[in-house]
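Undergrad: Got a structure for you, upload.pdb, holding PDB, C-alpha atoms, pLDDT in the B column.
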```
ATOM      1  CA  MET B  23      34.859  -3.010 -33.428  1.00 69.00           C
ATOM      2  CA  GLU B  24      31.565  -1.420 -32.354  1.00 81.00           C
ATOM      3  CA  ASP B  25      31.472   2.141 -31.039  1.00 87.00           C
ATOM      4  CA  ILE B  26      30.076   1.840 -27.518  1.00 93.00           C
ATOM      5  CA  SER B  27      30.120   5.559 -26.707  1.00 92.00           C
ATOM      6  CA  GLN B  28      26.357   5.910 -27.221  1.00 94.00           C
ATOM      7  CA  GLN B  29      25.710   3.092 -24.738  1.00 97.00           C
ATOM      8  CA  ILE B  30      27.433   4.786 -21.795  1.00 97.00           C
ATOM      9  CA  LEU B  31      25.058   5.570 -18.916  1.00 98.00           C
ATOM     10  CA  PHE B  32      27.731   6.637 -16.401  1.00 98.00           C
ATOM     11  CA  GLU B  33      31.483   7.132 -16.433  1.00 97.00           C
ATOM     12  CA  ASP B  34      34.041   8.557 -14.029  1.00 96.00           C
ATOM     13  CA  ASN B  35      37.616   7.670 -13.060  1.00 95.00           C
ATOM     14  CA  HIS B  36      36.517   4.458 -11.331  1.00 97.00           C
ATOM     15  CA  LEU B  37      33.473   3.008 -13.093  1.00 98.00           C
ATOM     16  CA  ILE B  38      31.839   2.795 -16.491  1.00 98.00           C
ATOM     17  CA  ILE B  39      28.237   1.597 -16.836  1.00 98.00           C
ATOM     18  CA  LEU B  40      26.786   0.607 -20.202  1.00 98.00           C
ATOM     19  CA  ASN B  41      23.316  -0.087 -21.523  1.00 98.00           C
ATOM     20  CA  LYS B  42      24.013  -3.522 -22.996  1.00 98.00           C
ATOM     21  CA  GLN B  43      22.254  -4.319 -26.240  1.00 96.00           C
ATOM     22  CA  VAL B  44      20.753  -7.725 -26.938  1.00 94.00           C
ATOM     23  CA  SER B  45      23.211 -10.116 -28.584  1.00 89.00           C
ATOM     24  CA  GLN B  46      26.237  -8.371 -27.025  1.00 94.00           C
ATOM     25  CA  ILE B  47      28.319 -10.459 -24.612  1.00 94.00           C
ATOM     26  CA  VAL B  48      29.802  -9.034 -21.430  1.00 94.00           C
ATOM     27  CA  GLN B  49      32.851 -11.313 -21.231  1.00 84.00           C
ATOM     28  CA  GLY B  50      34.595 -13.535 -23.754  1.00 75.00           C
ATOM     29  CA  ASP B  51      33.026 -16.945 -24.323  1.00 72.00           C
ATOM     30  CA  LYS B  52      33.409 -19.895 -26.711  1.00 73.00           C
ATOM     31  CA  THR B  53      32.285 -17.730 -29.633  1.00 76.00           C
ATOM     32  CA  SER B  54      34.701 -15.446 -31.405  1.00 80.00           C
ATOM     33  CA  ASP B  55      32.483 -12.397 -30.780  1.00 88.00           C
ATOM     34  CA  ILE B  56      34.173  -9.385 -29.213  1.00 92.00           C
ATOM     35  CA  PRO B  57      32.889  -8.862 -25.633  1.00 94.00           C
ATOM     36  CA  LEU B  58      31.951  -5.512 -24.128  1.00 96.00           C
ATOM     37  CA  SER B  59      34.955  -5.719 -21.802  1.00 94.00           C
ATOM     38  CA  GLU B  60      37.282  -5.570 -24.839  1.00 94.00           C
ATOM     39  CA  MET B  61      35.210  -2.845 -26.526  1.00 95.00           C
ATOM     40  CA  ILE B  62      35.549  -0.745 -23.369  1.00 96.00           C
ATOM     41  CA  LYS B  63      39.318  -1.234 -23.319  1.00 94.00           C
ATOM     42  CA  ALA B  64      39.516  -0.040 -26.921  1.00 93.00           C
ATOM     43  CA  TYR B  65      37.274   2.945 -26.143  1.00 94.00           C
ATOM     44  CA  LEU B  66      39.362   3.945 -23.086  1.00 94.00           C
ATOM     45  CA  LYS B  67      42.634   3.486 -24.972  1.00 92.00           C
ATOM     46  CA  ILE B  68      41.516   5.976 -27.630  1.00 90.00           C
ATOM     47  CA  LYS B  69      39.725   8.411 -25.299  1.00 89.00           C
ATOM     48  CA  TYR B  70      42.643   8.761 -22.884  1.00 86.00           C
ATOM     49  CA  ASN B  71      45.401   8.154 -25.445  1.00 86.00           C
ATOM     50  CA  LYS B  72      46.850   5.272 -23.427  1.00 84.00           C
ATOM     51  CA  ALA B  73      49.929   3.577 -24.823  1.00 79.00           C
ATOM     52  CA  GLY B  74      49.975   0.491 -22.587  1.00 82.00           C
ATOM     53  CA  ASN B  75      47.375  -1.978 -21.374  1.00 86.00           C
ATOM     54  CA  VAL B  76      43.998  -0.710 -20.194  1.00 91.00           C
ATOM     55  CA  PHE B  77      42.217  -2.196 -17.169  1.00 94.00           C
ATOM     56  CA  CYS B  78      38.541  -3.165 -17.378  1.00 95.00           C
ATOM     57  CA  GLY B  79      37.063  -5.360 -14.668  1.00 96.00           C
ATOM     58  CA  VAL B  80      33.694  -7.095 -15.038  1.00 96.00           C
ATOM     59  CA  VAL B  81      31.583  -6.495 -11.917  1.00 96.00           C
ATOM     60  CA  HIS B  82      28.584  -8.589 -12.987  1.00 94.00           C
ATOM     61  CA  ARG B  83      27.142 -10.086 -16.148  1.00 92.00           C
ATOM     62  CA  LEU B  84      23.940 -10.221 -18.151  1.00 94.00           C
ATOM     63  CA  ASP B  85      22.940 -13.140 -20.364  1.00 91.00           C
ATOM     64  CA  ARG B  86      23.512 -12.597 -24.064  1.00 92.00           C
ATOM     65  CA  PRO B  87      19.795 -12.220 -24.999  1.00 95.00           C
ATOM     66  CA  VAL B  88      19.189  -9.741 -22.141  1.00 97.00           C
ATOM     67  CA  SER B  89      19.576  -5.955 -22.390  1.00 98.00           C
ATOM     68  CA  GLY B  90      20.215  -3.241 -19.825  1.00 98.00           C
ATOM     69  CA  ALA B  91      22.596  -1.705 -17.315  1.00 98.00           C
ATOM     70  CA  VAL B  92      25.863  -3.489 -16.560  1.00 98.00           C
ATOM     71  CA  ILE B  93      28.797  -2.237 -14.448  1.00 98.00           C
ATOM     72  CA  PHE B  94      32.500  -2.363 -15.311  1.00 98.00           C
ATOM     73  CA  ALA B  95      35.388  -1.158 -13.133  1.00 97.00           C
ATOM     74  CA  LYS B  96      38.206   1.002 -14.483  1.00 96.00           C
ATOM     75  CA  THR B  97      40.560   0.292 -11.556  1.00 95.00           C
ATOM     76  CA  GLY B  98      41.466  -2.726  -9.453  1.00 96.00           C
ATOM     77  CA  LYS B  99      40.384  -0.911  -6.277  1.00 97.00           C
ATOM     78  CA  ALA B 100      36.933  -0.186  -7.703  1.00 97.00           C
ATOM     79  CA  LEU B 101      36.551  -3.797  -8.870  1.00 97.00           C
ATOM     80  CA  THR B 102      37.442  -5.201  -5.428  1.00 97.00           C
ATOM     81  CA  ARG B 103      35.021  -2.875  -3.657  1.00 97.00           C
ATOM     82  CA  MET B 104      32.185  -3.473  -6.131  1.00 98.00           C
ATOM     83  CA  ASN B 105      32.702  -7.237  -5.875  1.00 97.00           C
ATOM     84  CA  LEU B 106      32.329  -6.938  -2.107  1.00 97.00           C
ATOM     85  CA  GLN B 107      29.099  -4.947  -2.500  1.00 96.00           C
ATOM     86  CA  LEU B 108      27.832  -7.607  -4.900  1.00 94.00           C
ATOM     87  CA  LYS B 109      28.710 -10.408  -2.477  1.00 92.00           C
ATOM     88  CA  GLU B 110      26.958  -8.602   0.385  1.00 93.00           C
ATOM     89  CA  HIS B 111      23.864  -7.849  -1.752  1.00 91.00           C
ATOM     90  CA  GLN B 112      24.382  -4.094  -1.500  1.00 95.00           C
ATOM     91  CA  ILE B 113      23.781  -3.475  -5.211  1.00 96.00           C
ATOM     92  CA  LYS B 114      20.042  -3.208  -5.857  1.00 96.00           C
ATOM     93  CA  LYS B 115      19.160  -4.614  -9.281  1.00 96.00           C
ATOM     94  CA  THR B 116      15.732  -3.973 -10.764  1.00 98.00           C
ATOM     95  CA  TYR B 117      14.636  -5.671 -13.975  1.00 98.00           C
ATOM     96  CA  TRP B 118      11.694  -5.320 -16.330  1.00 98.00           C
ATOM     97  CA  ALA B 119      10.265  -8.428 -17.971  1.00 98.00           C
ATOM     98  CA  ILE B 120       7.480  -8.796 -20.522  1.00 98.00           C
ATOM     99  CA  SER B 121       5.329 -11.911 -20.253  1.00 97.00           C
ATOM    100  CA  ARG B 122       2.319 -13.050 -22.267  1.00 94.00           C
ATOM    101  CA  ASN B 123       0.611 -14.252 -19.093  1.00 95.00           C
ATOM    102  CA  ALA B 124      -0.223 -12.191 -16.029  1.00 96.00           C
ATOM    103  CA  PRO B 125       1.126 -13.629 -12.764  1.00 96.00           C
ATOM    104  CA  PRO B 126      -1.275 -15.162 -10.215  1.00 94.00           C
ATOM    105  CA  LYS B 127      -0.810 -12.165  -7.861  1.00 96.00           C
ATOM    106  CA  GLN B 128      -0.147  -8.482  -8.567  1.00 97.00           C
ATOM    107  CA  TYR B 129       2.976  -8.657  -6.427  1.00 96.00           C
ATOM    108  CA  ASP B 130       4.707 -11.439  -4.545  1.00 98.00           C
ATOM    109  CA  THR B 131       8.033 -12.793  -3.312  1.00 98.00           C
ATOM    110  CA  LEU B 132       9.190 -15.962  -5.040  1.00 98.00           C
ATOM    111  CA  ARG B 133      11.319 -18.248  -2.886  1.00 98.00           C
ATOM    112  CA  ASP B 134      12.558 -21.350  -4.657  1.00 97.00           C
ATOM    113  CA  TYR B 135      15.424 -23.774  -4.885  1.00 98.00           C
ATOM    114  CA  ILE B 136      17.135 -23.898  -8.270  1.00 97.00           C
ATOM    115  CA  PHE B 137      19.288 -26.541  -9.899  1.00 96.00           C
ATOM    116  CA  ARG B 138      21.555 -25.609 -12.815  1.00 96.00           C
ATOM    117  CA  ASN B 139      21.974 -28.262 -15.497  1.00 95.00           C
ATOM    118  CA  GLN B 140      25.399 -27.469 -16.956  1.00 92.00           C
ATOM    119  CA  LEU B 141      24.945 -29.618 -20.074  1.00 93.00           C
ATOM    120  CA  GLN B 142      21.671 -27.928 -21.004  1.00 94.00           C
ATOM    121  CA  ASN B 143      22.741 -24.478 -19.757  1.00 93.00           C
ATOM    122  CA  LYS B 144      19.344 -24.309 -18.095  1.00 96.00           C
ATOM    123  CA  SER B 145      18.046 -24.007 -14.526  1.00 97.00           C
ATOM    124  CA  TYR B 146      15.100 -25.769 -12.900  1.00 96.00           C
ATOM    125  CA  VAL B 147      13.041 -25.168  -9.778  1.00 96.00           C
ATOM    126  CA  VAL B 148      13.587 -28.257  -7.604  1.00 96.00           C
ATOM    127  CA  ALA B 149      12.932 -29.494  -4.094  1.00 95.00           C
ATOM    128  CA  LYS B 150      15.057 -28.100  -1.277  1.00 94.00           C
ATOM    129  CA  GLU B 151      16.444 -31.599  -0.719  1.00 94.00           C
ATOM    130  CA  HIS B 152      17.979 -31.774  -4.201  1.00 94.00           C
ATOM    131  CA  PRO B 153      21.741 -32.261  -3.702  1.00 92.00           C
ATOM    132  CA  ASP B 154      22.704 -29.332  -5.961  1.00 93.00           C
ATOM    133  CA  ALA B 155      19.836 -26.975  -5.120  1.00 95.00           C
ATOM    134  CA  LYS B 156      20.591 -23.308  -4.428  1.00 96.00           C
ATOM    135  CA  TYR B 157      18.207 -20.893  -2.760  1.00 97.00           C
ATOM    136  CA  ALA B 158      16.752 -18.209  -5.058  1.00 97.00           C
ATOM    137  CA  GLU B 159      14.598 -15.237  -4.089  1.00 97.00           C
ATOM    138  CA  LEU B 160      13.071 -12.312  -5.956  1.00 97.00           C
ATOM    139  CA  ASP B 161      10.241  -9.815  -5.608  1.00 98.00           C
ATOM    140  CA  TYR B 162       7.957  -9.085  -8.547  1.00 98.00           C
ATOM    141  CA  CYS B 163       5.213  -6.568  -9.205  1.00 98.00           C
ATOM    142  CA  LEU B 164       2.800  -6.362 -12.136  1.00 98.00           C
ATOM    143  CA  ILE B 165       3.200  -2.692 -13.137  1.00 97.00           C
ATOM    144  CA  SER B 166       1.524  -2.463 -16.547  1.00 97.00           C
ATOM    145  CA  GLN B 167      -0.524  -4.403 -19.100  1.00 96.00           C
ATOM    146  CA  SER B 168      -1.193  -4.063 -22.815  1.00 95.00           C
ATOM    147  CA  ASP B 169      -3.883  -5.927 -24.762  1.00 93.00           C
ATOM    148  CA  PHE B 170      -1.707  -9.028 -24.964  1.00 95.00           C
ATOM    149  CA  TYR B 171       1.250  -8.647 -22.608  1.00 97.00           C
ATOM    150  CA  SER B 172       2.143  -7.926 -18.980  1.00 98.00           C
ATOM    151  CA  LEU B 173       5.100  -5.907 -17.703  1.00 98.00           C
ATOM    152  CA  LEU B 174       6.653  -7.147 -14.480  1.00 98.00           C
ATOM    153  CA  GLU B 175       9.168  -5.286 -12.340  1.00 98.00           C
ATOM    154  CA  ILE B 176      11.560  -7.630 -10.571  1.00 98.00           C
ATOM    155  CA  THR B 177      13.991  -6.981  -7.730  1.00 97.00           C
ATOM    156  CA  LEU B 178      16.608  -9.682  -7.339  1.00 94.00           C
ATOM    157  CA  LYS B 179      17.511 -10.826  -3.840  1.00 93.00           C
ATOM    158  CA  THR B 180      19.924 -13.545  -5.002  1.00 92.00           C
ATOM    159  CA  GLY B 181      21.897 -13.951  -8.211  1.00 90.00           C
ATOM    160  CA  ARG B 182      21.404 -17.469  -9.531  1.00 94.00           C
ATOM    161  CA  HIS B 183      21.891 -18.765 -13.067  1.00 94.00           C
ATOM    162  CA  HIS B 184      18.897 -17.761 -15.242  1.00 96.00           C
ATOM    163  CA  GLN B 185      17.051 -17.017 -11.998  1.00 97.00           C
ATOM    164  CA  ILE B 186      14.410 -14.594 -13.288  1.00 98.00           C
ATOM    165  CA  ARG B 187      13.762 -16.660 -16.396  1.00 97.00           C
ATOM    166  CA  CYS B 188      13.445 -19.866 -14.392  1.00 97.00           C
ATOM    167  CA  GLN B 189      11.325 -18.543 -11.521  1.00 98.00           C
ATOM    168  CA  LEU B 190       8.882 -16.638 -13.731  1.00 98.00           C
ATOM    169  CA  ALA B 191       8.435 -19.683 -15.971  1.00 97.00           C
ATOM    170  CA  ALA B 192       7.684 -21.756 -12.854  1.00 97.00           C
ATOM    171  CA  ILE B 193       4.646 -19.544 -12.066  1.00 97.00           C
ATOM    172  CA  GLY B 194       3.379 -19.722 -15.646  1.00 97.00           C
ATOM    173  CA  CYS B 195       4.915 -16.462 -16.875  1.00 97.00           C
ATOM    174  CA  PRO B 196       7.728 -17.314 -19.306  1.00 97.00           C
ATOM    175  CA  ILE B 197       9.413 -14.186 -20.649  1.00 98.00           C
ATOM    176  CA  LYS B 198       8.494 -13.122 -24.175  1.00 98.00           C
ATOM    177  CA  GLY B 199      10.884 -14.687 -26.681  1.00 97.00           C
ATOM    178  CA  ASP B 200      12.414 -17.111 -24.174  1.00 97.00           C
ATOM    179  CA  LEU B 201      12.063 -20.428 -25.988  1.00 96.00           C
ATOM    180  CA  LYS B 202      14.332 -22.178 -23.468  1.00 96.00           C
ATOM    181  CA  TYR B 203      11.857 -21.500 -20.659  1.00 97.00           C
ATOM    182  CA  GLY B 204       8.608 -22.168 -22.457  1.00 95.00           C
ATOM    183  CA  PHE B 205       7.615 -19.126 -24.517  1.00 96.00           C
ATOM    184  CA  GLY B 206       6.096 -20.128 -27.848  1.00 90.00           C
ATOM    185  CA  ARG B 207       7.904 -17.817 -30.297  1.00 94.00           C
ATOM    186  CA  SER B 208      11.309 -16.211 -30.541  1.00 93.00           C
ATOM    187  CA  ASN B 209      12.034 -12.473 -30.679  1.00 93.00           C
ATOM    188  CA  GLN B 210      14.192 -10.778 -33.273  1.00 85.00           C
ATOM    189  CA  LEU B 211      17.956 -11.270 -32.824  1.00 84.00           C
ATOM    190  CA  SER B 212      17.166 -14.225 -30.524  1.00 88.00           C
ATOM    191  CA  SER B 213      16.590 -11.728 -27.714  1.00 94.00           C
ATOM    192  CA  ILE B 214      14.273 -12.190 -24.759  1.00 97.00           C
ATOM    193  CA  SER B 215      12.160  -9.401 -23.268  1.00 98.00           C
ATOM    194  CA  LEU B 216      14.182  -9.036 -20.082  1.00 98.00           C
ATOM    195  CA  HIS B 217      15.863  -5.706 -19.371  1.00 98.00           C
ATOM    196  CA  ALA B 218      18.143  -4.652 -16.497  1.00 98.00           C
ATOM    197  CA  ARG B 219      16.256  -1.419 -15.864  1.00 98.00           C
ATOM    198  CA  GLN B 220      17.858   0.088 -12.752  1.00 98.00           C
ATOM    199  CA  LEU B 221      20.983  -0.141 -10.596  1.00 98.00           C
ATOM    200  CA  GLN B 222      21.349   1.482  -7.175  1.00 98.00           C
ATOM    201  CA  PHE B 223      24.545   1.314  -5.116  1.00 98.00           C
ATOM    202  CA  ALA B 224      27.126   3.327  -3.189  1.00 98.00           C
ATOM    203  CA  HIS B 225      30.043   4.545  -5.297  1.00 98.00           C
ATOM    204  CA  PRO B 226      33.085   2.435  -4.355  1.00 97.00           C
ATOM    205  CA  VAL B 227      35.308   5.478  -3.741  1.00 96.00           C
ATOM    206  CA  THR B 228      33.163   8.589  -3.120  1.00 96.00           C
ATOM    207  CA  LYS B 229      30.364   6.635  -1.309  1.00 96.00           C
ATOM    208  CA  GLU B 230      27.832   8.766  -3.218  1.00 97.00           C
ATOM    209  CA  GLN B 231      24.556   6.994  -3.949  1.00 98.00           C
ATOM    210  CA  ILE B 232      24.426   6.110  -7.645  1.00 98.00           C
ATOM    211  CA  ASN B 233      21.077   5.537  -9.354  1.00 98.00           C
ATOM    212  CA  ILE B 234      21.195   4.381 -12.974  1.00 98.00           C
ATOM    213  CA  ILE B 235      18.162   3.867 -15.232  1.00 98.00           C
ATOM    214  CA  ALA B 236      18.706   2.168 -18.588  1.00 98.00           C
ATOM    215  CA  PRO B 237      16.375   3.118 -21.475  1.00 97.00           C
ATOM    216  CA  VAL B 238      14.591   0.113 -22.972  1.00 97.00           C
ATOM    217  CA  PRO B 239      15.517  -1.380 -26.373  1.00 96.00           C
ATOM    218  CA  PRO B 240      14.209   0.284 -29.572  1.00 93.00           C
ATOM    219  CA  ASP B 241      11.279  -2.093 -29.883  1.00 94.00           C
ATOM    220  CA  PRO B 242       7.664  -0.811 -30.200  1.00 95.00           C
ATOM    221  CA  LEU B 243       6.330  -2.916 -27.315  1.00 96.00           C
ATOM    222  CA  TRP B 244       9.192  -1.935 -25.008  1.00 97.00           C
ATOM    223  CA  GLN B 245       8.782   1.713 -26.006  1.00 96.00           C
ATOM    224  CA  TRP B 246       5.050   1.587 -25.270  1.00 97.00           C
ATOM    225  CA  PHE B 247       5.584   0.109 -21.819  1.00 97.00           C
ATOM    226  CA  GLU B 248       8.285   2.657 -21.015  1.00 96.00           C
ATOM    227  CA  LYS B 249       5.926   5.543 -21.877  1.00 94.00           C
ATOM    228  CA  GLN B 250       3.227   4.047 -19.653  1.00 93.00           C
ATOM    229  CA  ASN B 251       5.626   3.984 -16.707  1.00 92.00           C
ATOM    230  CA  GLN B 252       7.380   7.339 -16.925  1.00 86.00           C
TER     231      GLN B 252
END
```
Would you kindly transcribe this structure into structure tokens?

TA:
Amino acid sequence: MEDISQQILFEDNHLIILNKQVSQIVQGDKTSDIPLSEMIKAYLKIKYNKAGNVFCGVVHRLDRPVSGAVIFAKTGKALTRMNLQLKEHQIKKTYWAISRNAPPKQYDTLRDYIFRNQLQNKSYVVAKEHPDAKYAELDYCLISQSDFYSLLEITLKTGRHHQIRCQLAAIGCPIKGDLKYGFGRSNQLSSISLHARQLQFAHPVTKEQINIIAPVPPDPLWQWFEKQNQ
């Protein structure tokens, strides 16, 4: 089992926040790959010399090809309170995305209706009248450009399936490496250039304001953009 100790961005008695690597899964799925939730249990069992079962609650998830900050709860109380914050949109999530194309405006709010096709595991922007449409909203800002790529900073207002990937593709800015949403070539490890950069929320027990920034993956383009925006 992987050693996740170097991925820890924050840990106390109530929460543990990791910088998820591409290809890691947050929760168990149809593959036999070990999810981060189980890796955390193993880590906590060893660190605290626990003989019995270890609790690890998943607060939110990131898609497998996406990297960045993800929150887990170490107690049932913390999980319940973080789930409530998530439901009431009190956790501010900021993402970075690399696109080949620059967006039509430097910054904008995208308001769409999205339909999730379960068979394809893909979402589409559809008309409001679509029977299964769900409202999706995000803010984006073009914060940096290289010779060939654009870096967008995105703040999610809703949490729909593949929302960022779908909405950016709909304005002509598919994320680098995202073949499913129209980018021409894949990245290494089947990753896409979408990174959960920052999390801001009130601690579920102490009420202290927590601000987490996740370093970008060890990729030259990501590293270049990070240096430009320090």

Undergrad: Looking at all atoms listed in the file, which of B:Gln245, B:Gln189, B:Asn35, B:Gln252 is the one that sits closest to B:Ala100?

TA: B:Asn35

Undergrad: Determine the residue set returned by the PyMOL selection byres ((chain B and resi 210-224) around 7) for the present structure, and present it as a PyMOL selection string.

TA: chain B and resi 44-45+87-91+112-120+197-200+208-209+225-226+229-236+238

Undergrad: Using the chain letters and residue numbers of this document, give as a list in words the residues selected by the PyMOL selection byres ((chain B and resi 48-60) around 8).

TA: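 Residues picked by the PyMOL selection byres ((chain B and resi 48-60) around 8): Met23, Gln46, Ile47, Met61, Ile62, Lys63, Ala64, Cys78, Gly79, Val80, Arg83, Leu84, Arg86 and Phe94 of chain B.
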
Undergrad: Would you mind telling me which residue in B:Pro237, B:Asn123, B:Gln43, B:Val227 lies nearest to B:Gly204 when using only C-alpha atoms?

TA: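 The closest residue to B:Gly204 is B:Asn123.
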
Undergrad: Between B:Pro126, B:Gly181, B:Gly194, B:Pro240, which is the closest to B:Leu164 once you count only C-alpha atoms?

TA: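 Result for the nearest residue to B:Leu164: B:Pro126.
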
Undergrad: Specify as a list in words each residue included when the PyMOL selection byres ((chain B and resi 75) around 12) is applied to this file.

TA: Glu60, Lys63, Ala64, Leu66, Lys67, Ile68, Tyr70, Asn71, Lys72, Ala73, Gly74, Val76, Phe77, Cys78 and Lys96 of chain B

Undergrad: Counting only C-alpha atoms, what is within 10 Å of B:Val148, bar same-chain residues fewer than 5 positions away, as a list in words?

TA: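 Once the adjacent positions are removed, what remains is Asp134, Tyr135, Ile136, Phe137, Arg138, Pro153, Asp154, Ala155, Lys156 and Tyr157 of chain B.
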
Undergrad: Smallest atom-to-atom distance to B:Glu110: which of B:Lys127, B:Thr180, B:Gln167, B:Asn139, using only C-alpha atoms?

TA: B:Thr180

Undergrad: What does the structure give for the distance between atom CA of B:Ser168 and atom CA of B:Cys188, in Å to one decimal?

TA: 23.1 Å

Undergrad: Padding of 6 Å on every side, edges along x, y and z, all listed atoms of stretch 171-184 of chain B included: what centre and edge lengths in Å, to one decimal, does that box have, as JSON?

TA:
```
{"center_x": 11.6, "center_y": -12.0, "center_z": -13.2, "size_x": 32.6, "size_y": 25.5, "size_z": 30.8}
```

Undergrad: Ranking B:Leu132, B:Asn105, B:Ser121, B:Cys163 by minimum distance to B:Phe205 and counting only C-alpha atoms, which one comes first?

TA: B:Ser121

Undergrad: Write out as a PyMOL selection string the residues lying within 10 Å of B:Lys202, counting all atoms listed in the file and excluding same-chain residues fewer than 6 positions away.

TA: chain B and resi 142-145+187-188+191+196+208

Undergrad: Export stretch 122-166 of chain B from the structure block above, keeping C-alpha atoms, as a CSV table (one decimal), in the first residue's frame.

TA:
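Wrote it out as selection_29.csv, contents follow:
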```
chain,number,residue,atom,x,y,z
B,122,ARG,CA,-5.1,25.1,-25.1
B,123,ASN,CA,-7.6,27.8,-25.9
B,124,ALA,CA,-8.1,31.1,-24.2
B,125,PRO,CA,-11.7,31.8,-23.1
B,126,PRO,CA,-13.8,34.4,-24.8
B,127,LYS,CA,-13.6,36.7,-21.8
B,128,GLN,CA,-10.9,37.2,-19.2
B,129,TYR,CA,-13.3,36.4,-16.5
B,130,ASP,CA,-17.0,35.4,-16.4
B,131,THR,CA,-19.7,33.5,-14.6
B,132,LEU,CA,-20.9,30.4,-16.5
B,133,ARG,CA,-24.5,29.5,-15.7
B,134,ASP,CA,-25.7,26.3,-17.5
B,135,TYR,CA,-28.0,23.4,-17.2
B,136,ILE,CA,-26.2,20.0,-17.2
B,137,PHE,CA,-27.4,16.5,-18.0
B,138,ARG,CA,-25.4,13.5,-16.8
B,139,ASN,CA,-25.5,10.5,-19.1
B,140,GLN,CA,-24.9,7.6,-16.8
B,141,LEU,CA,-24.0,5.1,-19.5
B,142,GLN,CA,-21.3,7.3,-21.0
B,143,ASN,CA,-20.2,8.7,-17.6
B,144,LYS,CA,-20.3,12.1,-19.3
B,145,SER,CA,-22.2,15.4,-18.8
B,146,TYR,CA,-23.7,17.7,-21.4
B,147,VAL,CA,-24.8,21.3,-21.4
B,148,VAL,CA,-28.5,21.2,-22.2
B,149,ALA,CA,-31.6,23.4,-22.3
B,150,LYS,CA,-33.2,24.3,-19.0
B,151,GLU,CA,-36.3,22.4,-20.1
B,152,HIS,CA,-34.5,19.1,-20.4
B,153,PRO,CA,-36.2,16.7,-17.9
B,154,ASP,CA,-33.0,15.7,-16.1
B,155,ALA,CA,-31.2,19.0,-16.3
B,156,LYS,CA,-29.5,20.4,-13.2
B,157,TYR,CA,-28.3,23.9,-12.7
B,158,ALA,CA,-24.6,24.5,-12.7
B,159,GLU,CA,-22.6,27.7,-12.0
B,160,LEU,CA,-19.0,28.6,-11.7
B,161,ASP,CA,-16.8,31.7,-12.0
B,162,TYR,CA,-13.6,31.6,-14.0
B,163,CYS,CA,-10.7,34.0,-14.5
B,164,LEU,CA,-7.8,33.8,-17.0
B,165,ILE,CA,-4.8,34.3,-14.7
B,166,SER,CA,-1.8,33.3,-16.8
```
